[in-house]
$ cat structure34.txt   # compact mmCIF, C-alpha atoms
# COMPACT_ATOMS: atom_id res chain seq x y z
CA MET A 1 -24.93 45.73 -19.58
CA THR A 2 -24.15 42.64 -17.54
CA ALA A 3 -21.83 44.51 -15.18
CA LEU A 4 -24.50 47.11 -14.51
CA HIS A 5 -27.07 44.43 -13.75
CA ALA A 6 -24.61 42.67 -11.45
CA ASP A 7 -24.03 45.87 -9.47
CA THR A 8 -27.76 46.35 -8.92
CA LYS A 9 -28.70 42.70 -8.42
CA ASN A 10 -29.55 43.11 -4.74
CA VAL A 11 -31.51 46.34 -5.14
CA LYS A 12 -35.23 45.77 -4.42
CA SER A 13 -37.45 47.45 -6.95
CA SER A 14 -41.23 47.75 -7.23
CA PHE A 15 -43.22 49.18 -10.13
CA VAL A 16 -46.50 48.78 -11.99
CA PHE A 17 -46.28 47.67 -15.62
CA SER A 18 -49.07 47.54 -18.23
CA SER A 19 -49.52 45.69 -21.51
CA GLU A 20 -52.36 45.84 -24.01
CA SER A 21 -53.80 43.53 -26.64
CA VAL A 22 -56.27 43.99 -29.46
CA SER A 23 -58.72 41.50 -30.95
CA GLU A 24 -58.66 40.02 -34.42
CA GLY A 25 -61.34 42.56 -35.39
CA HIS A 26 -59.17 45.58 -34.60
CA PRO A 27 -58.55 47.49 -37.86
CA ASP A 28 -54.78 46.96 -37.74
CA LYS A 29 -55.23 43.26 -37.04
CA VAL A 30 -57.68 42.92 -39.93
CA CYS A 31 -54.85 44.16 -42.13
CA ASP A 32 -52.25 41.88 -40.53
CA GLN A 33 -54.49 38.88 -41.12
CA ILE A 34 -55.20 39.74 -44.74
CA SER A 35 -51.47 40.21 -45.38
CA ASP A 36 -50.55 36.92 -43.71
CA ALA A 37 -53.40 35.01 -45.38
CA ILE A 38 -52.09 36.12 -48.76
CA LEU A 39 -48.55 35.12 -47.72
CA ASP A 40 -49.77 31.67 -46.65
CA ALA A 41 -51.61 31.21 -49.95
CA TYR A 42 -48.43 31.92 -51.93
CA LEU A 43 -46.39 29.55 -49.76
CA ARG A 44 -48.91 26.73 -50.22
CA GLU A 45 -48.42 26.84 -53.99
CA ASP A 46 -44.77 27.89 -54.06
CA PRO A 47 -42.76 27.52 -50.82
CA ARG A 48 -39.94 29.58 -52.38
CA SER A 49 -42.20 32.61 -52.79
CA ARG A 50 -40.84 35.96 -51.71
CA VAL A 51 -43.68 38.09 -50.43
CA ALA A 52 -44.09 41.51 -48.86
CA VAL A 53 -47.77 42.45 -48.55
CA GLU A 54 -49.13 45.63 -47.00
CA THR A 55 -52.85 46.16 -46.40
CA MET A 56 -54.97 49.17 -45.49
CA ALA A 57 -58.59 48.94 -44.35
CA THR A 58 -61.02 51.81 -44.03
CA THR A 59 -64.73 52.46 -44.48
CA ASN A 60 -66.05 49.85 -46.93
CA ARG A 61 -62.65 49.52 -48.59
CA VAL A 62 -59.48 47.40 -48.44
CA ILE A 63 -56.31 48.31 -50.33
CA ILE A 64 -53.65 45.63 -50.87
CA SER A 65 -50.16 46.52 -52.09
CA GLY A 66 -46.66 45.15 -52.05
CA GLU A 67 -44.17 43.01 -53.93
CA VAL A 68 -44.21 39.30 -54.80
CA ALA A 69 -41.84 36.92 -56.56
CA SER A 70 -43.63 33.58 -57.01
CA THR A 71 -44.82 31.00 -59.52
CA ALA A 72 -48.20 30.97 -57.78
CA GLN A 73 -51.21 32.72 -59.28
CA LEU A 74 -53.71 33.89 -56.66
CA HIS A 75 -56.98 35.77 -56.30
CA SER A 76 -55.97 38.00 -53.40
CA GLU A 77 -59.34 39.71 -53.31
CA GLN A 78 -61.10 36.42 -52.54
CA ILE A 79 -58.58 35.66 -49.79
CA ALA A 80 -59.19 39.08 -48.22
CA ARG A 81 -62.97 38.59 -48.26
CA GLU A 82 -62.63 35.21 -46.57
CA VAL A 83 -60.49 36.72 -43.82
CA ILE A 84 -63.00 39.53 -43.26
CA ARG A 85 -65.86 37.01 -43.11
CA ASN A 86 -64.04 34.68 -40.70
CA ILE A 87 -63.25 37.57 -38.36
CA GLY A 88 -66.95 38.31 -38.17
CA TYR A 89 -67.47 41.42 -40.26
CA THR A 90 -70.66 40.11 -41.83
CA THR A 91 -73.20 42.63 -40.53
CA PRO A 92 -74.43 44.85 -43.37
CA ASN A 93 -74.78 48.62 -43.07
CA GLU A 94 -72.11 48.90 -40.35
CA GLY A 95 -69.55 50.48 -42.69
CA PHE A 96 -67.30 47.45 -43.23
CA ASP A 97 -68.07 43.87 -44.23
CA GLU A 98 -66.98 41.11 -46.62
CA GLY A 99 -68.69 42.86 -49.53
CA CYS A 100 -66.46 45.94 -49.30
CA THR A 101 -64.49 47.29 -52.26
CA ILE A 102 -61.04 45.67 -52.56
CA GLU A 103 -58.24 47.27 -54.57
CA ASN A 104 -55.25 45.08 -55.39
CA TYR A 105 -51.92 46.71 -56.23
CA LEU A 106 -49.58 43.76 -55.68
CA HIS A 107 -46.74 43.74 -58.21
CA LYS A 108 -43.62 41.77 -59.10
CA GLN A 109 -40.62 42.05 -56.79
CA THR A 110 -37.42 43.52 -58.15
CA GLY A 111 -35.06 40.86 -59.53
CA GLU A 112 -31.98 42.01 -57.62
CA LEU A 113 -33.62 41.00 -54.36
CA ASN A 114 -34.63 37.59 -55.72
CA ASP A 115 -30.99 36.53 -56.08
CA ASN A 116 -29.96 37.66 -52.60
CA GLN A 117 -29.20 34.72 -50.28
CA GLY A 118 -28.44 36.87 -47.26
CA ALA A 119 -30.54 39.26 -45.22
CA GLY A 120 -33.06 41.19 -47.30
CA ASP A 121 -32.40 44.40 -45.39
CA GLN A 122 -30.50 45.79 -42.45
CA GLY A 123 -32.06 45.81 -39.00
CA LEU A 124 -32.01 44.65 -35.43
CA MET A 125 -34.22 42.00 -33.88
CA PHE A 126 -34.91 41.00 -30.29
CA GLY A 127 -36.11 37.82 -28.63
CA TYR A 128 -37.05 37.39 -24.99
CA ALA A 129 -38.15 34.82 -22.43
CA CYS A 130 -38.66 34.78 -18.67
CA THR A 131 -40.09 32.62 -15.88
CA GLN A 132 -43.14 34.78 -15.12
CA THR A 133 -45.51 32.30 -16.82
CA LEU A 134 -45.59 28.74 -18.11
CA GLN A 135 -45.32 30.20 -21.60
CA LEU A 136 -42.03 31.83 -20.51
CA MET A 137 -43.55 35.21 -21.34
CA PRO A 138 -44.28 38.41 -19.41
CA ILE A 139 -47.55 37.93 -17.55
CA PRO A 140 -49.29 41.22 -18.54
CA ILE A 141 -49.28 40.44 -22.27
CA VAL A 142 -50.25 36.79 -21.68
CA MET A 143 -53.34 37.83 -19.71
CA ALA A 144 -54.22 40.63 -22.14
CA HIS A 145 -54.21 38.18 -25.05
CA LYS A 146 -56.21 35.51 -23.22
CA LEU A 147 -58.93 37.98 -22.27
CA LEU A 148 -59.59 38.82 -25.89
CA GLN A 149 -59.25 35.26 -27.12
CA GLU A 150 -61.98 34.24 -24.69
CA LEU A 151 -64.12 37.26 -25.55
CA THR A 152 -63.82 36.39 -29.24
CA ARG A 153 -64.67 32.74 -28.63
CA LEU A 154 -67.85 33.67 -26.79
CA ARG A 155 -68.77 36.22 -29.47
CA LYS A 156 -68.35 33.70 -32.26
CA ASN A 157 -70.25 30.87 -30.58
CA GLY A 158 -73.09 33.22 -29.64
CA GLU A 159 -72.80 32.93 -25.86
CA ILE A 160 -72.48 36.71 -25.60
CA GLN A 161 -74.93 38.49 -27.89
CA LYS A 162 -74.57 41.72 -29.88
CA LEU A 163 -70.76 41.87 -29.77
CA LEU A 164 -68.86 43.10 -32.82
CA PRO A 165 -65.30 42.00 -33.69
CA ASP A 166 -63.31 45.08 -32.60
CA ALA A 167 -62.03 44.96 -29.00
CA LYS A 168 -59.08 45.95 -26.81
CA SER A 169 -57.73 44.90 -23.43
CA GLN A 170 -55.16 46.29 -21.01
CA VAL A 171 -53.66 44.67 -17.93
CA SER A 172 -51.50 46.24 -15.20
CA PHE A 173 -49.43 44.26 -12.69
CA LYS A 174 -47.33 45.42 -9.78
CA PHE A 175 -43.87 43.84 -9.88
CA HIS A 176 -41.27 43.35 -7.19
CA ASP A 177 -37.79 42.36 -8.30
CA ARG A 178 -39.20 41.88 -11.82
CA MET A 179 -41.73 39.30 -10.65
CA PRO A 180 -45.53 39.85 -10.57
CA VAL A 181 -47.01 40.27 -7.08
CA ASP A 182 -50.34 42.06 -7.57
CA LEU A 183 -52.87 42.36 -10.40
CA ARG A 184 -53.82 46.04 -10.19
CA SER A 185 -55.99 46.89 -13.18
CA LEU A 186 -57.84 45.16 -16.01
CA VAL A 187 -59.76 46.81 -18.85
CA ILE A 188 -61.77 45.40 -21.75
CA SER A 189 -63.39 47.63 -24.32
CA THR A 190 -65.54 46.00 -26.99
CA ASN A 191 -67.48 47.22 -29.98
CA HIS A 192 -71.13 46.17 -30.03
CA LEU A 193 -74.43 46.61 -31.81
CA GLN A 194 -76.91 49.24 -30.68
CA MET A 195 -78.42 48.32 -27.33
CA SER A 196 -80.36 49.79 -24.45
CA LYS A 197 -78.76 50.95 -21.21
CA ALA A 198 -80.08 47.82 -19.52
CA GLU A 199 -78.60 45.59 -22.22
CA PHE A 200 -75.28 47.43 -21.93
CA ALA A 201 -75.16 46.92 -18.16
CA GLN A 202 -75.98 43.25 -18.70
CA MET A 203 -73.19 42.97 -21.28
CA GLN A 204 -70.72 44.43 -18.78
CA ARG A 205 -71.79 41.92 -16.11
CA VAL A 206 -71.62 38.97 -18.50
CA ILE A 207 -68.14 39.88 -19.74
CA ARG A 208 -66.92 40.14 -16.16
CA GLU A 209 -68.46 36.79 -15.21
CA MET A 210 -67.72 34.81 -18.39
CA VAL A 211 -64.42 36.34 -19.52
CA VAL A 212 -62.60 38.26 -16.80
CA GLU A 213 -63.10 35.99 -13.81
CA PRO A 214 -62.35 32.69 -15.63
CA VAL A 215 -59.22 34.11 -17.28
CA ILE A 216 -57.88 35.50 -14.00
CA GLU A 217 -58.49 32.11 -12.39
CA GLN A 218 -56.74 30.33 -15.26
CA ILE A 219 -53.69 32.60 -15.09
CA GLU A 220 -53.55 32.19 -11.32
CA GLN A 221 -53.54 28.40 -11.66
CA GLU A 222 -50.92 28.42 -14.41
CA SER A 223 -48.68 31.13 -13.00
CA ILE A 224 -45.30 30.07 -11.71
CA HIS A 225 -45.38 32.90 -9.17
CA GLU A 226 -48.29 33.73 -6.84
CA PHE A 227 -49.87 37.15 -7.14
CA LYS A 228 -52.76 38.96 -5.46
CA THR A 229 -55.98 39.79 -7.32
CA ARG A 230 -58.39 41.04 -4.65
CA ASP A 231 -57.69 44.74 -5.22
CA CYS A 232 -57.84 44.57 -9.02
CA ALA A 233 -59.93 47.34 -10.61
CA VAL A 234 -61.95 45.78 -13.45
CA GLN A 235 -63.53 48.04 -16.06
CA ILE A 236 -65.63 46.97 -19.04
CA ASN A 237 -66.11 49.70 -21.68
CA PRO A 238 -65.15 52.42 -19.20
CA LEU A 239 -66.10 55.20 -21.63
CA GLY A 240 -69.57 53.75 -22.13
CA MET A 241 -71.24 52.29 -25.20
CA TRP A 242 -69.04 51.69 -28.25
CA GLU A 243 -71.29 51.27 -31.28
CA HIS A 244 -68.98 52.54 -34.03
CA GLY A 245 -65.78 50.55 -34.41
CA GLY A 246 -63.70 48.47 -36.79
CA PRO A 247 -62.23 49.82 -40.05
CA ALA A 248 -65.36 51.92 -40.61
CA ALA A 249 -64.39 54.09 -37.63
CA ASP A 250 -60.58 53.78 -37.60
CA THR A 251 -58.31 53.10 -40.57
CA GLY A 252 -56.14 50.01 -40.17
CA LEU A 253 -52.64 49.29 -41.50
CA THR A 254 -50.41 46.23 -41.54
CA GLY A 255 -47.65 46.28 -38.95
CA ARG A 256 -48.92 48.89 -36.49
CA LYS A 257 -49.28 46.54 -33.52
CA ILE A 258 -45.69 45.33 -33.18
CA ILE A 259 -45.67 45.63 -29.37
CA VAL A 260 -48.94 43.68 -29.10
CA ASP A 261 -47.38 41.10 -31.44
CA THR A 262 -44.32 40.57 -29.22
CA TYR A 263 -43.81 41.17 -25.49
CA GLY A 264 -46.27 43.93 -24.62
CA GLY A 265 -43.48 46.46 -24.16
CA TRP A 266 -41.68 44.43 -21.48
CA ALA A 267 -38.77 43.64 -23.82
CA GLN A 268 -37.16 45.74 -26.53
CA HIS A 269 -38.31 45.70 -30.14
CA GLY A 270 -36.16 46.33 -33.20
CA GLY A 271 -38.95 48.20 -35.00
CA GLY A 272 -39.61 45.82 -37.88
CA ALA A 273 -43.14 44.49 -38.35
CA PHE A 274 -43.86 40.82 -39.08
CA SER A 275 -47.11 40.29 -40.97
CA GLY A 276 -47.11 39.94 -44.73
CA LYS A 277 -43.38 39.16 -44.90
CA ASP A 278 -41.92 35.80 -45.91
CA ALA A 279 -39.04 34.36 -43.91
CA THR A 280 -36.28 35.82 -46.08
CA LYS A 281 -37.16 39.07 -44.34
CA VAL A 282 -35.07 38.90 -41.17
CA ASP A 283 -37.43 41.33 -39.44
CA ARG A 284 -39.60 38.26 -39.03
CA SER A 285 -37.39 35.17 -39.20
CA ALA A 286 -34.57 36.49 -36.99
CA ALA A 287 -37.07 37.75 -34.40
CA TYR A 288 -38.61 34.27 -34.31
CA MET A 289 -35.16 32.72 -33.95
CA ALA A 290 -34.23 35.15 -31.20
CA ARG A 291 -37.40 34.18 -29.28
CA HIS A 292 -36.60 30.48 -29.77
CA ILE A 293 -33.06 30.95 -28.47
CA ALA A 294 -34.15 33.07 -25.49
CA LYS A 295 -36.83 30.51 -24.63
CA SER A 296 -34.31 27.69 -24.95
CA VAL A 297 -31.89 29.48 -22.62
CA VAL A 298 -34.59 29.95 -19.97
CA GLY A 299 -36.20 26.57 -20.61
CA SER A 300 -32.83 24.86 -20.20
CA GLY A 301 -32.33 26.45 -16.80
CA LEU A 302 -29.42 28.63 -17.89
CA ALA A 303 -31.20 31.77 -16.70
CA LYS A 304 -34.50 33.01 -15.32
CA GLU A 305 -34.67 35.76 -17.91
CA CYS A 306 -32.99 36.21 -21.27
CA LEU A 307 -32.88 38.88 -23.95
CA ILE A 308 -31.29 38.18 -27.34
CA GLN A 309 -30.43 40.80 -29.94
CA PHE A 310 -29.32 40.21 -33.52
CA GLY A 311 -27.99 42.80 -35.93
CA PHE A 312 -28.18 42.06 -39.67
CA ILE A 313 -27.09 44.01 -42.74
CA ILE A 314 -28.40 43.55 -46.26
CA GLY A 315 -26.76 40.75 -48.22
CA GLU A 316 -24.95 39.24 -45.22
CA GLU A 317 -25.82 35.64 -44.39
CA ARG A 318 -24.96 35.85 -40.69
CA PRO A 319 -25.76 38.44 -38.04
CA VAL A 320 -23.07 41.06 -37.62
CA SER A 321 -23.83 41.20 -33.90
CA LEU A 322 -25.25 38.95 -31.20
CA MET A 323 -26.04 40.02 -27.64
CA VAL A 324 -27.13 37.84 -24.74
CA ASP A 325 -28.39 39.55 -21.58
CA THR A 326 -29.76 37.50 -18.68
CA PHE A 327 -30.22 40.49 -16.33
CA ALA A 328 -27.82 38.86 -13.86
CA SER A 329 -30.10 35.81 -13.60
CA GLY A 330 -27.82 33.32 -15.36
CA ILE A 331 -26.06 30.36 -13.79
CA MET A 332 -22.93 31.38 -15.71
CA PRO A 333 -21.64 34.62 -17.28
CA ASP A 334 -23.58 35.90 -20.28
CA SER A 335 -20.43 35.53 -22.38
CA GLU A 336 -20.45 31.78 -21.72
CA ILE A 337 -24.13 31.51 -22.65
CA GLU A 338 -23.35 33.40 -25.84
CA LYS A 339 -20.74 30.76 -26.72
CA ILE A 340 -23.33 28.02 -26.15
CA VAL A 341 -25.77 29.84 -28.42
CA VAL A 342 -23.21 30.27 -31.22
CA ASN A 343 -22.24 26.59 -31.00
CA SER A 344 -25.85 25.33 -30.83
CA PHE A 345 -27.58 27.18 -33.67
CA ASP A 346 -27.01 27.91 -37.34
CA LEU A 347 -27.61 31.66 -37.43
CA THR A 348 -27.38 32.13 -41.20
CA VAL A 349 -30.56 33.33 -42.86
CA LYS A 350 -30.93 29.99 -44.65
CA GLY A 351 -30.12 28.09 -41.46
CA ILE A 352 -32.82 29.95 -39.53
CA ILE A 353 -35.42 29.36 -42.24
CA ASP A 354 -34.61 25.65 -42.54
CA TYR A 355 -34.30 25.03 -38.80
CA LEU A 356 -37.64 26.66 -37.96
CA ASP A 357 -39.32 25.37 -41.16
CA LEU A 358 -40.42 28.89 -42.04
CA ARG A 359 -41.46 28.17 -45.64
CA THR A 360 -44.66 26.50 -44.41
CA PRO A 361 -47.96 28.46 -44.40
CA VAL A 362 -48.34 29.07 -40.65
CA TYR A 363 -48.50 32.83 -40.63
CA LEU A 364 -52.22 33.62 -40.53
CA SER A 365 -52.32 32.03 -37.06
CA THR A 366 -49.70 34.52 -35.87
CA ALA A 367 -51.57 37.59 -37.04
CA ALA A 368 -53.80 37.98 -33.95
CA TYR A 369 -53.16 37.36 -30.23
CA GLY A 370 -49.39 37.40 -30.46
CA HIS A 371 -46.57 35.65 -32.27
CA PHE A 372 -44.98 34.36 -29.05
CA GLY A 373 -46.12 32.48 -25.98
CA ARG A 374 -49.10 30.88 -27.70
CA ASP A 375 -50.44 27.62 -26.27
CA ASP A 376 -53.34 27.30 -28.75
CA VAL A 377 -51.13 26.74 -31.81
CA ASP A 378 -47.91 24.84 -32.51
CA PHE A 379 -45.19 27.24 -33.65
CA SER A 380 -41.70 25.86 -34.27
CA TRP A 381 -40.02 28.84 -32.62
CA GLU A 382 -41.95 28.18 -29.39
CA LYS A 383 -40.27 24.82 -28.84
CA VAL A 384 -37.40 24.58 -26.35
CA LYS A 385 -34.06 23.15 -27.38
CA LYS A 386 -32.18 21.82 -24.37
CA LEU A 387 -28.78 23.51 -24.25
CA ILE A 388 -27.31 21.69 -21.24
$ encode --input "structure34.txt" --output "structure tokens"
Amino acid sequence: MTALHADTKNVKSSFVFSSESVSEGHPDKVCDQISDAILDAYLREDPRSRVAVETMATTNRVIISGEVASTAQLHSEQIAREVIRNIGYTTPNEGFDEGCTIENYLHKQTGELNDNQGAGDQGLMFGYACTQTLQLMPIPIVMAHKLLQELTRLRKNGEIQKLLPDAKSQVSFKFHDRMPVDLRSLVISTNHLQMSKAEFAQMQRVIREMVVEPVIEQIEQESIHEFKTRDCAVQINPLGMWEHGGPAADTGLTGRKIIVDTYGGWAQHGGGAFSGKDATKVDRSAAYMARHIAKSVVGSGLAKECLIQFGFIIGEERPVSLMVDTFASGIMPDSEIEKIVVNSFDLTVKGIIDYLDLRTPVYLSTAAYGHFGRDDVDFSWEKVKKLI
């Protein structure tokens, strides 16, 4: 891969790239948050808990299933209701609220997995970082997340009336030589209570003024690279009113927003979801470690862009493969950076868990608005370790 990138290093390329985000009230994110809230609750009582929780949400019903090995005794139904209430599904007669039916099918994990000290399954995991933003993340996904975080904040504090929790955003940037140069398109779609045409038009104006414009200004100020915004096409609920949303209108499942959770499609994904899984599941822990390493490579000035891939097989303590790709942006060959990585980090499953302190109950905070590049929470894998 490195040789190919080196051959094309001087080729100028332009393209438009889009990323999307979804709010904490999106049906899939409701499920992610319930799964991670249950995981956190087990870890608080028993940090050695092994947990794999899957959730489904539909009209007036939540179904929880999965496997657990823990000394903790929990009331998962109460945890799920608290999550639903905190998200904002408290309006009766809308098809989904905290009083919905909850079915709990969690059961004991098989003993043969409990004794395994290596990877819990086979798989491949990616981590990525770049200099597009202060967060060392691709700029489309950073902006997409921030739009919905601000929309949610204004919904919850009452500054924008009649909003419901379900919402989506999408952001498109033009890139030149893999750097953002022009914000081309921005879309927010939000669920809301019944309203008149005049109220709907007012809602569109308010979201543009109180969400879109401030977030664009913030990203402009924080961006490492200048980009144009004057020709950006902004659309709020482009299809019109959206009165029926959330799990009542669209069934949600844990783990269906893995691209939203990571890099917005800019970097590869190994396919494994995160939410509801404790850190012995390398789908989660190794992906967090790969992000930490990639961010440390870029944050240490070794490269402007870095992609890390791990390959694990079940029962093995260490990855069976490690790839470093800096897209020809490194100050030294990728093979030399790989040596630095191997010498700087304990890449055993136990080493990753201990180093990133992944037995602590931090996971509910990851379950909406991305697991990476967050500046509103303090995640261990988002810290930069200086490598030179």
$ atom_distance --input "structure34.txt" --atom1 "atom CA of Val349 of chain A" --atom2 "atom CA of Gly118 of chain A"
6.0 Å
$ closest_residue --input "structure34.txt" --among "A:Asp166, A:Glu150, A:Glu45, A:Asp357" --to "Leu193 of chain A" --atoms "all atoms listed in the file"
A:Asp166
$ closest_residue --input "structure34.txt" --among "A:Thr348, A:Gln218, A:Asn60, A:Thr254" --to "Met289 of chain A" --atoms "only C-alpha atoms"
A:Thr348
$ residues_around --input "structure34.txt" --residues "Val215 of chain A" --least-positions-apart "3" --cutoff "12 Å" --atoms "all atoms listed in the file" --output "list in words"
Val142, Met143, Ala144, His145, Lys146, Leu147, Leu148, Gln149, Glu150, Leu151, Val171, Leu186, Ile207, Arg208, Glu209, Met210, Val211, Val212, Gln218, Ile219, Glu220, Gln221, Glu222, Ser223 and Thr229 of chain A
$ closest_residue --input "structure34.txt" --among "A:Ala198, A:Ile388, A:Ala367, A:Ile160" --to "Asp261 of chain A" --atoms "all atoms listed in the file"
A:Ala367
$ residues_around --input "structure34.txt" --residues "Gly330 of chain A" --least-positions-apart "4" --cutoff "10 Å" --atoms "all atoms listed in the file" --output "MDAnalysis selection string"
chainID A and resid 297:298 301:306 325:326 334 336:337
$ atom_distance --input "structure34.txt" --atom1 "atom CA of Leu364 of chain A" --atom2 "atom CA of Arg153 of chain A"
17.2 Å
$ residues_around --input "structure34.txt" --residues "Leu74 of chain A" --least-positions-apart "2" --cutoff "12 Å" --atoms "all atoms listed in the file" --output "VMD selection string"
chain A and resid 37 to 46 68 70 to 72 76 to 80 104 106
$ closest_residue --input "structure34.txt" --among "A:Phe126, A:Val187, A:Arg48, A:Pro247" --to "Ile84 of chain A" --atoms "only C-alpha atoms"
A:Pro247
$ closest_residue --input "structure34.txt" --among "A:Ile188, A:Met332, A:Val377, A:Leu253" --to "Cys31 of chain A" --atoms "only C-alpha atoms"
A:Leu253
$ residues_around --input "structure34.txt" --residues "Phe372 of chain A" --least-positions-apart "6" --cutoff "9 Å" --atoms "all atoms listed in the file" --output "PyMOL selection string"
chain A and resi 135+137+261-263+288+291+366+379+381-382
$ atom_distance --input "structure34.txt" --atom1 "atom CA of Asp97 of chain A" --atom2 "atom CA of Met203 of chain A"
23.5 Å
$ residues_around --input "structure34.txt" --residues "segment 339-342 of chain A" --least-positions-apart "3" --cutoff "10 Å" --atoms "only C-alpha atoms" --output "PyMOL selection string"
chain A and resi 293-294+296-297+322+324+334-336+345-347+387-388
$ closest_residue --input "structure34.txt" --among "A:Glu217, A:Glu226, A:Asp32, A:Glu20" --to "Ser275 of chain A" --atoms "only C-alpha atoms"
A:Asp32
